[in-house]
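J.: This is data_18.tsv, which holds TSV, C-alpha atoms:
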```tsv
chain	number	residue	atom	x	y	z
A	702	MET	CA	-6.82	15.93	-4.14
A	703	HIS	CA	-3.78	18.10	-3.48
A	704	ASP	CA	-4.95	18.42	0.14
A	705	ILE	CA	-4.74	14.67	0.81
A	706	GLU	CA	-1.38	14.05	2.45
A	707	PRO	CA	0.02	10.67	3.39
A	708	TYR	CA	-0.54	9.97	7.08
A	709	TYR	CA	2.29	11.71	8.92
A	710	ASN	CA	1.72	11.10	12.66
A	711	TRP	CA	4.12	8.13	12.69
A	712	ARG	CA	7.03	10.05	11.19
A	713	HIS	CA	8.72	10.18	14.59
A	714	LEU	CA	8.81	6.36	14.41
A	715	TYR	CA	9.70	5.73	10.77
A	716	ILE	CA	10.67	7.74	7.68
A	717	ALA	CA	11.08	5.73	4.47
A	718	GLU	CA	13.53	8.14	2.86
A	719	GLU	CA	15.85	7.74	5.89
A	720	ASP	CA	15.65	3.92	5.94
A	721	GLU	CA	18.60	2.46	4.02
A	722	ASP	CA	16.54	-0.67	3.29
A	723	SER	CA	13.60	1.29	1.85
A	724	PRO	CA	12.97	1.50	-1.91
A	725	PHE	CA	12.65	5.28	-1.35
A	726	TYR	CA	15.86	5.79	0.62
A	727	GLY	CA	17.40	9.19	-0.04
A	728	ARG	CA	14.37	10.60	-1.83
A	729	GLU	CA	13.84	14.34	-1.36
A	730	TYR	CA	10.48	16.07	-1.43
A	731	SER	CA	9.20	19.54	-2.11
A	732	GLU	CA	6.40	20.94	-0.01
A	733	PHE	CA	5.55	23.48	-2.69
A	734	GLU	CA	6.08	21.88	-6.11
A	735	PHE	CA	3.09	19.78	-7.16
A	736	SER	CA	3.99	17.66	-10.19
A	737	ASN	CA	2.18	14.29	-9.92
A	738	THR	CA	-1.46	13.98	-10.90
A	739	VAL	CA	-4.40	11.60	-10.68
A	740	TYR	CA	-7.28	12.36	-13.08
A	741	ASN	CA	-5.54	15.64	-13.98
A	742	TYR	CA	-5.71	16.72	-10.32
A	743	TYR	CA	-2.44	17.44	-8.60
A	744	ILE	CA	-1.65	15.33	-5.56
A	745	HIS	CA	0.43	16.28	-2.54
A	746	PRO	CA	4.19	16.10	-3.26
A	747	GLN	CA	4.82	13.77	-0.28
A	748	TRP	CA	3.31	10.81	-2.17
A	749	ASP	CA	5.89	8.51	-3.76
A	750	GLU	CA	5.80	7.52	-7.39
A	751	PHE	CA	6.91	4.01	-8.29
A	752	GLY	CA	6.33	3.81	-12.04
A	753	SER	CA	2.56	4.20	-12.28
A	754	ARG	CA	0.95	7.33	-13.69
A	755	THR	CA	-2.27	6.80	-11.75
A	756	LEU	CA	-1.32	5.20	-8.42
A	757	TYR	CA	1.00	6.55	-5.72
A	758	LEU	CA	1.99	5.37	-2.27
A	759	LYS	CA	3.75	6.17	0.97
A	760	ILE	CA	5.47	3.61	3.16
A	761	LEU	CA	4.19	4.69	6.56
A	762	PHE	CA	5.95	2.13	8.73
A	763	VAL	CA	8.19	-0.92	8.49
A	764	ASP	CA	9.15	-3.30	11.27
A	765	TYR	CA	12.00	-5.57	10.18
A	766	GLU	CA	11.81	-7.67	13.35
A	767	LEU	CA	8.11	-8.49	12.98
A	768	ASN	CA	8.44	-8.48	9.17
A	769	TYR	CA	5.59	-6.13	8.24
A	770	ALA	CA	5.00	-2.90	6.37
A	771	ILE	CA	2.12	-0.43	6.36
A	772	ILE	CA	1.73	1.30	3.01
A	773	GLU	CA	-0.83	4.01	2.23
A	774	MET	CA	-2.02	4.40	-1.38
A	775	ILE	CA	-3.83	7.04	-3.43
A	776	GLY	CA	-5.21	7.17	-6.95
A	777	GLU	CA	-6.55	4.74	-9.49
A	778	TRP	CA	-5.27	1.15	-9.39
A	779	ASN	CA	-5.20	0.36	-13.08
A	780	ASP	CA	-3.85	-3.05	-14.08
A	781	ALA	CA	-5.68	-3.04	-17.41
A	782	VAL	CA	-3.84	-0.09	-18.97
A	783	GLU	CA	-0.98	0.84	-16.64
A	784	ASN	CA	-0.16	-2.63	-15.22
A	785	ASP	CA	0.12	-1.04	-11.78
A	786	ILE	CA	0.51	-4.35	-9.97
A	787	MET	CA	3.59	-5.20	-12.04
A	788	GLN	CA	5.08	-1.77	-11.30
A	789	LEU	CA	4.27	-2.08	-7.60
A	790	LYS	CA	5.59	-5.64	-7.39
A	791	ARG	CA	8.88	-4.98	-9.22
A	792	SER	CA	9.65	-1.47	-7.91
A	793	VAL	CA	8.57	-1.77	-4.28
A	794	ILE	CA	7.35	-5.16	-3.08
A	795	ASP	CA	10.19	-7.32	-4.44
A	796	LEU	CA	12.72	-5.02	-2.75
A	797	MET	CA	10.85	-5.20	0.55
A	798	VAL	CA	10.47	-9.00	0.40
A	799	ALA	CA	14.23	-9.23	-0.18
A	800	LYS	CA	14.67	-7.32	3.11
A	801	GLY	CA	12.44	-9.77	5.02
A	802	ILE	CA	9.04	-8.09	4.79
A	803	TYR	CA	6.27	-10.58	4.12
A	804	LYS	CA	3.22	-9.09	5.82
A	805	PHE	CA	1.75	-6.11	3.98
A	806	ILE	CA	-0.97	-3.76	5.19
A	807	LEU	CA	-2.22	-1.57	2.37
A	808	ILE	CA	-4.24	1.45	3.49
A	809	THR	CA	-6.45	1.87	0.42
A	810	GLU	CA	-9.14	4.33	1.48
A	811	ASN	CA	-7.94	6.76	-1.22
A	812	VAL	CA	-7.84	4.19	-4.03
A	813	LEU	CA	-10.76	5.52	-6.03
A	814	ASN	CA	-11.03	2.92	-8.82
A	815	PHE	CA	-9.67	-0.47	-9.76
A	816	HIS	CA	-9.35	-1.84	-13.29
A	817	SER	CA	-8.26	-5.44	-13.50
A	818	SER	CA	-6.19	-7.45	-15.91
A	819	ASP	CA	-4.81	-10.89	-15.10
A	820	ARG	CA	-3.96	-12.10	-11.60
A	821	ASP	CA	-0.41	-13.35	-12.27
A	822	TYR	CA	1.46	-10.72	-10.24
A	823	TYR	CA	-0.96	-11.05	-7.31
A	824	GLU	CA	-0.45	-14.80	-7.36
A	825	GLU	CA	3.33	-14.35	-7.57
A	826	TRP	CA	3.30	-11.88	-4.65
A	827	SER	CA	1.22	-14.30	-2.60
A	828	GLU	CA	3.56	-17.20	-3.41
A	829	ASP	CA	6.65	-15.11	-2.58
A	830	ILE	CA	5.47	-14.57	1.01
A	831	GLN	CA	3.37	-17.68	1.67
A	832	GLU	CA	6.22	-19.89	2.88
A	833	GLU	CA	7.06	-17.34	5.60
A	834	GLY	CA	3.44	-17.16	6.76
A	835	GLY	CA	2.99	-13.85	4.98
A	836	TRP	CA	-0.18	-12.15	3.85
A	837	ILE	CA	-1.52	-9.01	2.16
A	838	ALA	CA	-4.39	-7.02	3.62
A	839	SER	CA	-6.22	-4.01	2.26
A	840	VAL	CA	-7.70	-1.70	4.88
A	841	ASN	CA	-10.70	0.61	4.30
A	842	MET	CA	-10.95	0.27	0.53
A	843	PRO	CA	-14.02	2.19	-0.79
A	844	GLU	CA	-17.03	0.00	-1.60
A	845	GLN	CA	-16.99	0.62	-5.36
A	846	THR	CA	-13.30	-0.32	-5.49
A	847	GLN	CA	-13.93	-3.41	-3.36
A	848	TYR	CA	-16.65	-4.43	-5.79
A	849	ASP	CA	-14.18	-4.45	-8.69
A	850	PHE	CA	-11.53	-6.21	-6.58
A	851	LYS	CA	-13.98	-8.96	-5.67
A	852	ARG	CA	-15.36	-9.26	-9.19
A	853	SER	CA	-11.79	-9.86	-10.44
A	854	HIS	CA	-11.07	-12.27	-7.55
A	855	ILE	CA	-8.11	-10.18	-6.39
A	856	ASP	CA	-9.55	-10.62	-2.89
A	857	TRP	CA	-8.22	-14.20	-3.10
A	858	TYR	CA	-4.75	-12.67	-2.68
A	859	ILE	CA	-5.40	-9.36	-0.91
A	860	LYS	CA	-7.83	-9.71	1.99
A	861	LEU	CA	-10.23	-6.80	2.44
A	862	MET	CA	-10.95	-5.49	5.93
A	863	GLU	CA	-12.20	-2.43	7.74
A	864	ILE	CA	-10.42	-0.59	10.55
A	865	PRO	CA	-12.20	2.78	10.60
A	866	GLY	CA	-10.04	4.36	13.32
A	867	TRP	CA	-6.63	3.10	12.22
A	868	ARG	CA	-5.13	6.59	12.60
A	869	THR	CA	-5.85	6.54	16.34
A	870	PHE	CA	-3.52	3.57	16.85
A	871	GLN	CA	0.23	3.18	16.88
A	872	PRO	CA	1.58	1.08	13.97
A	873	GLN	CA	2.19	-2.01	16.12
A	874	HIS	CA	-1.47	-1.93	17.22
A	875	VAL	CA	-2.69	-1.64	13.62
A	876	PHE	CA	-0.47	-4.60	12.78
A	877	GLN	CA	-1.83	-6.61	15.71
A	878	LEU	CA	-5.43	-5.91	14.68
A	879	VAL	CA	-4.77	-6.96	11.08
A	880	ASP	CA	-2.61	-9.93	12.04
A	881	ASN	CA	-5.33	-11.26	14.37
A	882	GLN	CA	-7.96	-10.91	11.63
A	883	MET	CA	-5.66	-12.59	9.11
A	884	LEU	CA	-5.03	-15.51	11.47
A	885	ARG	CA	-8.80	-16.03	11.72
A	886	LEU	CA	-9.29	-15.71	7.96
A	887	LEU	CA	-6.45	-18.01	7.01
A	888	SER	CA	-7.05	-20.76	9.57
```
Could you render the structure from this file as structure tokens?
T.:
Amino acid sequence: MHDIEPYYNWRHLYIAEEDEDSPFYGREYSEFEFSNTVYNYYIHPQWDEFGSRTLYLKILFVDYELNYAIIEMIGEWNDAVENDIMQLKRSVIDLMVAKGIYKFILITENVLNFHSSDRDYYEEWSEDIQEEGGWIASVNMPEQTQYDFKRSHIDWYIKLMEIPGWRTFQPQHVFQLVDNQMLRLLS
């Protein structure tokens, strides 16, 4: 797992730790010191921690004019024990919504498991962005994780979709693909 880095080919366009409006503004990283773990496996030090011991993320891109963010995630999404959705909502999402972000693309291909609890924070997140025409999409979530998402009805709030070649696109093209699919799903 320590080999899996957050996607870095958009860093010439956006760097969260240099964005004054980012929850991770000013954060410094080590390329050599591995301290965070998932399942007792060290993960790459470029992943950001936000209060969960099992789930990490990286804000890959934010467009404040078009009001969207692309966030890559890694680990185990555990609401049952760790209450990861509460941590994510309070530590990252609420701050981004306050800055005008209401369309969220979650790249979840490295989210290996999902353990559900209640849906209150998902519902709250959805309500926070609904008035602005916002939405939440999960891209490329593994099948076993999708199964647990669907079984818990989290897919009512976070729409699941596949974009296998998302890395070959620029962020605005990924957004356009997701936005078009969301318009079809929500109309």
J.: As a PyMOL selection string, please: the residues near range 750-761 of chain A (cut-off 9 Å, all atoms listed in the file, same-chain neighbours under 2 positions excluded).
T.: chain A and resi 707-709+711-712+715-717+723+725+737-740+747-748+763+770-779+783-785+788-789+792-793+812+872
J.: How would you write as a PyMOL selection string the residues that get within 12 Å of (-15.2, 3.2, -1.5) in the file's frame, counting only C-alpha atoms?
T.: chain A and resi 777+809-815+840-850+861+863
J.: In terms of the shortest atom-to-atom distance over only C-alpha atoms, which of A:Pro746, A:Asp819, A:Trp857, A:Gln871 is closest to Leu714 in chain A?
T.: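 Among the listed residues, the smallest separation from Leu714 in chain A belongs to A:Gln871.
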J.: Work out how far CA of Asp829 in chain A is from CA of Gly801 in chain A, in Å to one decimal.
T.: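 The value is 10.9 Å.
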J.: Give me the residues within 7 Å of Ser817 in chain A as an mmCIF file with C-alpha atoms, keeping the file's coordinate frame, counting all atoms listed in the file and dropping any in the same chain fewer than 5 places off.
T.:
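Final output, saved to selection-v7.cif:
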```
data_model
loop_
_atom_site.group_PDB
_atom_site.id
_atom_site.type_symbol
_atom_site.label_atom_id
_atom_site.label_comp_id
_atom_site.auth_asym_id
_atom_site.auth_seq_id
_atom_site.Cartn_x
_atom_site.Cartn_y
_atom_site.Cartn_z
ATOM 1 C CA ASN A 779 -5.200 0.360 -13.080
ATOM 2 C CA ASP A 780 -3.850 -3.050 -14.080
ATOM 3 C CA ALA A 781 -5.680 -3.040 -17.410
ATOM 4 C CA SER A 853 -11.790 -9.860 -10.440
#
```
J.: Expressed in Å to a single decimal, how great is the separation between CA of Leu884 in chain A and CA of Leu807 in chain A?
T.: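 About the pair CA of Leu884 in chain A and CA of Leu807 in chain A: they are 16.9 Å apart.
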J.: Between A:Val879, A:Ile786, A:Ile864, A:Leu886, which is the closest to Ser818 in chain A once you count all atoms listed in the file?
T.: A:Ile786
J.: Of the candidates A:Ser839, A:Leu796, A:Ile855, A:Lys790, which shows the shortest atom-to-atom distance to Tyr726 in chain A, using all atoms listed in the file?
T.: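 Closest residue, counting all atoms listed in the file: A:Leu796.
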J.: For Ile802 in chain A, please output as a list in words all residues within 7 Å (counting all atoms listed in the file; exclusion window: fewer than 4 positions along the same chain).
T.: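 Selected residues are Tyr765, Asn768, Tyr769, Ala770, Met797 and Val798 of chain A.
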